[in-house]
Amino acid sequence: MDEAGLPLPLYHRVYLVLRQQVEEGRFDPAVKMPGEHEFAADFRVSRITVRRALEMLERDGLIRRKRGAGTYARAPGAAAPQRDNLRGLLENLLTMGLRTQVRLLEFDYVPATAEVAGLLGVVPGASVLRAVRVRSTEGVPFSHLTTWVPEDVGRRFGRDDMAEKPLLALLEQHERIARAEQTISAILADATVAPRLQVEIGAALLWVRRQVFNAEGRVIEAIDSLYRPDLYTYQIGLVRDGGLWSPQSADS
């Protein structure tokens, strides 16, 4: 395993690979897993690196280790992954908001940066609502959400409203939501986000940036969502169209 050019610590990269293998059922829970020496040879790393990765897996409840008995895989103790389908995107987002729990960390009006202004279609420095939330399922945090809303839209609801109801539900009380556009990529958890999502600094997260438009074509919400990939997945339906694969429409 080459260390050059990768931002994650070596032990964390080993941990991510082993975590994926455990979650995929590569290791029979009734059969002892390979030892530190074997893993070290497989990954071409030191035993200390492997030991630290295994300690993280044990902390996450994915393996059990007993002195003299070896290491055994076991089913994760975390909640089942949340799933979002790109078909019926807005409906799925609203449903997720109703079936999960949210903790509102920040709620304030701030000057729009150049980037946020571009997302919302306002002038830089304009007052916008910025809210930060952490969403959980069965007490386990799986998403970190930073939302920006134009001031005139945000003034229609308050902090308590946003702590109790999904934002889309609040927006729909006053706006007719027509569509959304989003970009999906990946990002590493920083020192602020990592403890909120209960992951290590530098852990890989799914990054989704979304703009929500009303019927007049105005952006009424922009949001950056960071998801734990072990607790959140995207499912995309595809159809064959003239030799190419295309996203399946919501009414297909």
# chains A, B, ... in the order shown; residues from 1 in each chain; ligands from 1
$ select_by_dssp --residues "segment 63-209 of chain A" --states "strand (DSSP E or B)" --output "NGL selection string"
:A and (63-66 or 70-73 or 82-85 or 101-111 or 127-137 or 140-150 or 177-188 or 204-209)
$ residues_around --residues "Gln198 of chain A" --least-positions-apart "6" --cutoff "9 Å" --atoms "only C-alpha atoms" --output "PyMOL selection string"
chain A and resi 140-142
$ residues_around --residues "Glu106 of chain A" --least-positions-apart "3" --cutoff "12 Å" --atoms "only C-alpha atoms" --output "MDAnalysis selection string"
chainID A and resid 103 109:110 129:134 144:148 159:160 162:163
$ closest_atom_pairs --of "segment 5-37 of chain A" --to "segment 217-233 of chain A" --cutoff "10 Å" --atoms "only C-alpha atoms" --output "CSV"
residue,atom,partner,partner_atom,distance
A:Arg19,CA,A:Asp230,CA,9.0
A:Gln20,CA,A:Asp230,CA,8.5
A:Glu23,CA,A:Asp230,CA,8.7
$ decode --residues "segment 26-64 of chain A" --atoms "N, CA and C atoms" --output "PDB file, in the first residue's frame"
ATOM      1  N   ARG A  26     -17.258 -10.455   4.205  1.00  0.00           N
ATOM      2  CA  ARG A  26     -16.100 -11.205   3.722  1.00  0.00           C
ATOM      3  C   ARG A  26     -15.567 -12.174   4.783  1.00  0.00           C
ATOM      4  N   PHE A  27     -15.819 -11.880   6.054  1.00  0.00           N
ATOM      5  CA  PHE A  27     -15.300 -12.700   7.139  1.00  0.00           C
ATOM      6  C   PHE A  27     -16.448 -13.403   7.851  1.00  0.00           C
ATOM      7  N   ASP A  28     -16.385 -14.710   7.911  1.00  0.00           N
ATOM      8  CA  ASP A  28     -17.389 -15.508   8.608  1.00  0.00           C
ATOM      9  C   ASP A  28     -17.273 -15.245  10.112  1.00  0.00           C
ATOM     10  N   PRO A  29     -18.368 -14.825  10.762  1.00  0.00           N
ATOM     11  CA  PRO A  29     -18.301 -14.548  12.208  1.00  0.00           C
ATOM     12  C   PRO A  29     -17.883 -15.758  13.039  1.00  0.00           C
ATOM     13  N   ALA A  30     -18.053 -16.953  12.474  1.00  0.00           N
ATOM     14  CA  ALA A  30     -17.697 -18.160  13.230  1.00  0.00           C
ATOM     15  C   ALA A  30     -16.248 -18.580  13.020  1.00  0.00           C
ATOM     16  N   VAL A  31     -15.562 -17.901  12.112  1.00  0.00           N
ATOM     17  CA  VAL A  31     -14.183 -18.265  11.790  1.00  0.00           C
ATOM     18  C   VAL A  31     -13.246 -17.128  12.182  1.00  0.00           C
ATOM     19  N   LYS A  32     -12.146 -17.455  12.809  1.00  0.00           N
ATOM     20  CA  LYS A  32     -11.190 -16.445  13.241  1.00  0.00           C
ATOM     21  C   LYS A  32     -10.636 -15.683  12.042  1.00  0.00           C
ATOM     22  N   MET A  33     -10.581 -14.371  12.172  1.00  0.00           N
ATOM     23  CA  MET A  33     -10.030 -13.531  11.116  1.00  0.00           C
ATOM     24  C   MET A  33      -8.510 -13.693  11.046  1.00  0.00           C
ATOM     25  N   PRO A  34      -7.887 -13.303   9.930  1.00  0.00           N
ATOM     26  CA  PRO A  34      -6.425 -13.342   9.862  1.00  0.00           C
ATOM     27  C   PRO A  34      -5.815 -12.520  11.005  1.00  0.00           C
ATOM     28  N   GLY A  35      -4.604 -12.859  11.381  1.00  0.00           N
ATOM     29  CA  GLY A  35      -3.931 -12.147  12.459  1.00  0.00           C
ATOM     30  C   GLY A  35      -3.253 -10.884  11.968  1.00  0.00           C
ATOM     31  N   GLU A  36      -2.663 -10.157  12.920  1.00  0.00           N
ATOM     32  CA  GLU A  36      -2.002  -8.895  12.587  1.00  0.00           C
ATOM     33  C   GLU A  36      -0.877  -9.104  11.580  1.00  0.00           C
ATOM     34  N   HIS A  37      -0.123 -10.210  11.731  1.00  0.00           N
ATOM     35  CA  HIS A  37       0.989 -10.475  10.812  1.00  0.00           C
ATOM     36  C   HIS A  37       0.472 -10.642   9.382  1.00  0.00           C
ATOM     37  N   GLU A  38      -0.634 -11.392   9.234  1.00  0.00           N
ATOM     38  CA  GLU A  38      -1.184 -11.646   7.902  1.00  0.00           C
ATOM     39  C   GLU A  38      -1.711 -10.363   7.260  1.00  0.00           C
ATOM     40  N   PHE A  39      -2.467  -9.586   8.045  1.00  0.00           N
ATOM     41  CA  PHE A  39      -2.975  -8.323   7.517  1.00  0.00           C
ATOM     42  C   PHE A  39      -1.826  -7.379   7.156  1.00  0.00           C
ATOM     43  N   ALA A  40      -0.800  -7.358   8.007  1.00  0.00           N
ATOM     44  CA  ALA A  40       0.343  -6.481   7.735  1.00  0.00           C
ATOM     45  C   ALA A  40       1.009  -6.862   6.413  1.00  0.00           C
ATOM     46  N   ALA A  41       1.111  -8.170   6.153  1.00  0.00           N
ATOM     47  CA  ALA A  41       1.703  -8.617   4.894  1.00  0.00           C
ATOM     48  C   ALA A  41       0.805  -8.273   3.713  1.00  0.00           C
ATOM     49  N   ASP A  42      -0.515  -8.464   3.892  1.00  0.00           N
ATOM     50  CA  ASP A  42      -1.465  -8.181   2.806  1.00  0.00           C
ATOM     51  C   ASP A  42      -1.443  -6.706   2.411  1.00  0.00           C
ATOM     52  N   PHE A  43      -1.423  -5.830   3.424  1.00  0.00           N
ATOM     53  CA  PHE A  43      -1.479  -4.393   3.173  1.00  0.00           C
ATOM     54  C   PHE A  43      -0.091  -3.762   2.998  1.00  0.00           C
ATOM     55  N   ARG A  44       0.936  -4.555   3.288  1.00  0.00           N
ATOM     56  CA  ARG A  44       2.313  -4.058   3.223  1.00  0.00           C
ATOM     57  C   ARG A  44       2.518  -2.876   4.176  1.00  0.00           C
ATOM     58  N   VAL A  45       2.070  -3.066   5.405  1.00  0.00           N
ATOM     59  CA  VAL A  45       2.207  -2.054   6.455  1.00  0.00           C
ATOM     60  C   VAL A  45       2.758  -2.737   7.701  1.00  0.00           C
ATOM     61  N   SER A  46       3.003  -1.954   8.743  1.00  0.00           N
ATOM     62  CA  SER A  46       3.508  -2.513   9.992  1.00  0.00           C
ATOM     63  C   SER A  46       2.372  -3.098  10.827  1.00  0.00           C
ATOM     64  N   ARG A  47       2.750  -3.960  11.792  1.00  0.00           N
ATOM     65  CA  ARG A  47       1.742  -4.515  12.701  1.00  0.00           C
ATOM     66  C   ARG A  47       1.092  -3.411  13.530  1.00  0.00           C
ATOM     67  N   ILE A  48       1.846  -2.389  13.884  1.00  0.00           N
ATOM     68  CA  ILE A  48       1.285  -1.285  14.675  1.00  0.00           C
ATOM     69  C   ILE A  48       0.159  -0.606  13.903  1.00  0.00           C
ATOM     70  N   THR A  49       0.358  -0.426  12.592  1.00  0.00           N
ATOM     71  CA  THR A  49      -0.679   0.182  11.756  1.00  0.00           C
ATOM     72  C   THR A  49      -1.930  -0.690  11.735  1.00  0.00           C
ATOM     73  N   VAL A  50      -1.743  -1.997  11.564  1.00  0.00           N
ATOM     74  CA  VAL A  50      -2.873  -2.926  11.552  1.00  0.00           C
ATOM     75  C   VAL A  50      -3.576  -2.924  12.906  1.00  0.00           C
ATOM     76  N   ARG A  51      -2.791  -2.933  13.982  1.00  0.00           N
ATOM     77  CA  ARG A  51      -3.381  -2.969  15.317  1.00  0.00           C
ATOM     78  C   ARG A  51      -4.270  -1.752  15.561  1.00  0.00           C
ATOM     79  N   ARG A  52      -3.817  -0.584  15.107  1.00  0.00           N
ATOM     80  CA  ARG A  52      -4.629   0.614  15.303  1.00  0.00           C
ATOM     81  C   ARG A  52      -5.917   0.550  14.483  1.00  0.00           C
ATOM     82  N   ALA A  53      -5.828   0.017  13.260  1.00  0.00           N
ATOM     83  CA  ALA A  53      -7.033  -0.130  12.436  1.00  0.00           C
ATOM     84  C   ALA A  53      -8.023  -1.089  13.093  1.00  0.00           C
ATOM     85  N   LEU A  54      -7.509  -2.192  13.664  1.00  0.00           N
ATOM     86  CA  LEU A  54      -8.382  -3.157  14.328  1.00  0.00           C
ATOM     87  C   LEU A  54      -9.012  -2.561  15.581  1.00  0.00           C
ATOM     88  N   GLU A  55      -8.268  -1.728  16.275  1.00  0.00           N
ATOM     89  CA  GLU A  55      -8.832  -1.061  17.461  1.00  0.00           C
ATOM     90  C   GLU A  55     -10.023  -0.179  17.069  1.00  0.00           C
ATOM     91  N   MET A  56      -9.918   0.486  15.920  1.00  0.00           N
ATOM     92  CA  MET A  56     -11.024   1.316  15.448  1.00  0.00           C
ATOM     93  C   MET A  56     -12.227   0.456  15.071  1.00  0.00           C
ATOM     94  N   LEU A  57     -11.978  -0.686  14.459  1.00  0.00           N
ATOM     95  CA  LEU A  57     -13.074  -1.595  14.105  1.00  0.00           C
ATOM     96  C   LEU A  57     -13.761  -2.126  15.364  1.00  0.00           C
ATOM     97  N   GLU A  58     -12.955  -2.434  16.381  1.00  0.00           N
ATOM     98  CA  GLU A  58     -13.525  -2.913  17.640  1.00  0.00           C
ATOM     99  C   GLU A  58     -14.349  -1.820  18.305  1.00  0.00           C
ATOM    100  N   ARG A  59     -13.867  -0.607  18.270  1.00  0.00           N
ATOM    101  CA  ARG A  59     -14.614   0.522  18.835  1.00  0.00           C
ATOM    102  C   ARG A  59     -15.952   0.705  18.128  1.00  0.00           C
ATOM    103  N   ASP A  60     -15.979   0.450  16.814  1.00  0.00           N
ATOM    104  CA  ASP A  60     -17.208   0.602  16.041  1.00  0.00           C
ATOM    105  C   ASP A  60     -18.151  -0.587  16.187  1.00  0.00           C
ATOM    106  N   GLY A  61     -17.730  -1.595  16.915  1.00  0.00           N
ATOM    107  CA  GLY A  61     -18.588  -2.752  17.109  1.00  0.00           C
ATOM    108  C   GLY A  61     -18.610  -3.716  15.942  1.00  0.00           C
ATOM    109  N   LEU A  62     -17.620  -3.630  15.045  1.00  0.00           N
ATOM    110  CA  LEU A  62     -17.609  -4.483  13.861  1.00  0.00           C
ATOM    111  C   LEU A  62     -16.828  -5.773  14.072  1.00  0.00           C
ATOM    112  N   ILE A  63     -15.955  -5.796  15.064  1.00  0.00           N
ATOM    113  CA  ILE A  63     -15.219  -7.016  15.389  1.00  0.00           C
ATOM    114  C   ILE A  63     -15.183  -7.176  16.899  1.00  0.00           C
ATOM    115  N   ARG A  64     -14.880  -8.417  17.347  1.00  0.00           N
ATOM    116  CA  ARG A  64     -14.633  -8.667  18.774  1.00  0.00           C
ATOM    117  C   ARG A  64     -13.281  -9.348  18.884  1.00  0.00           C
TER     118      ARG A  64
END
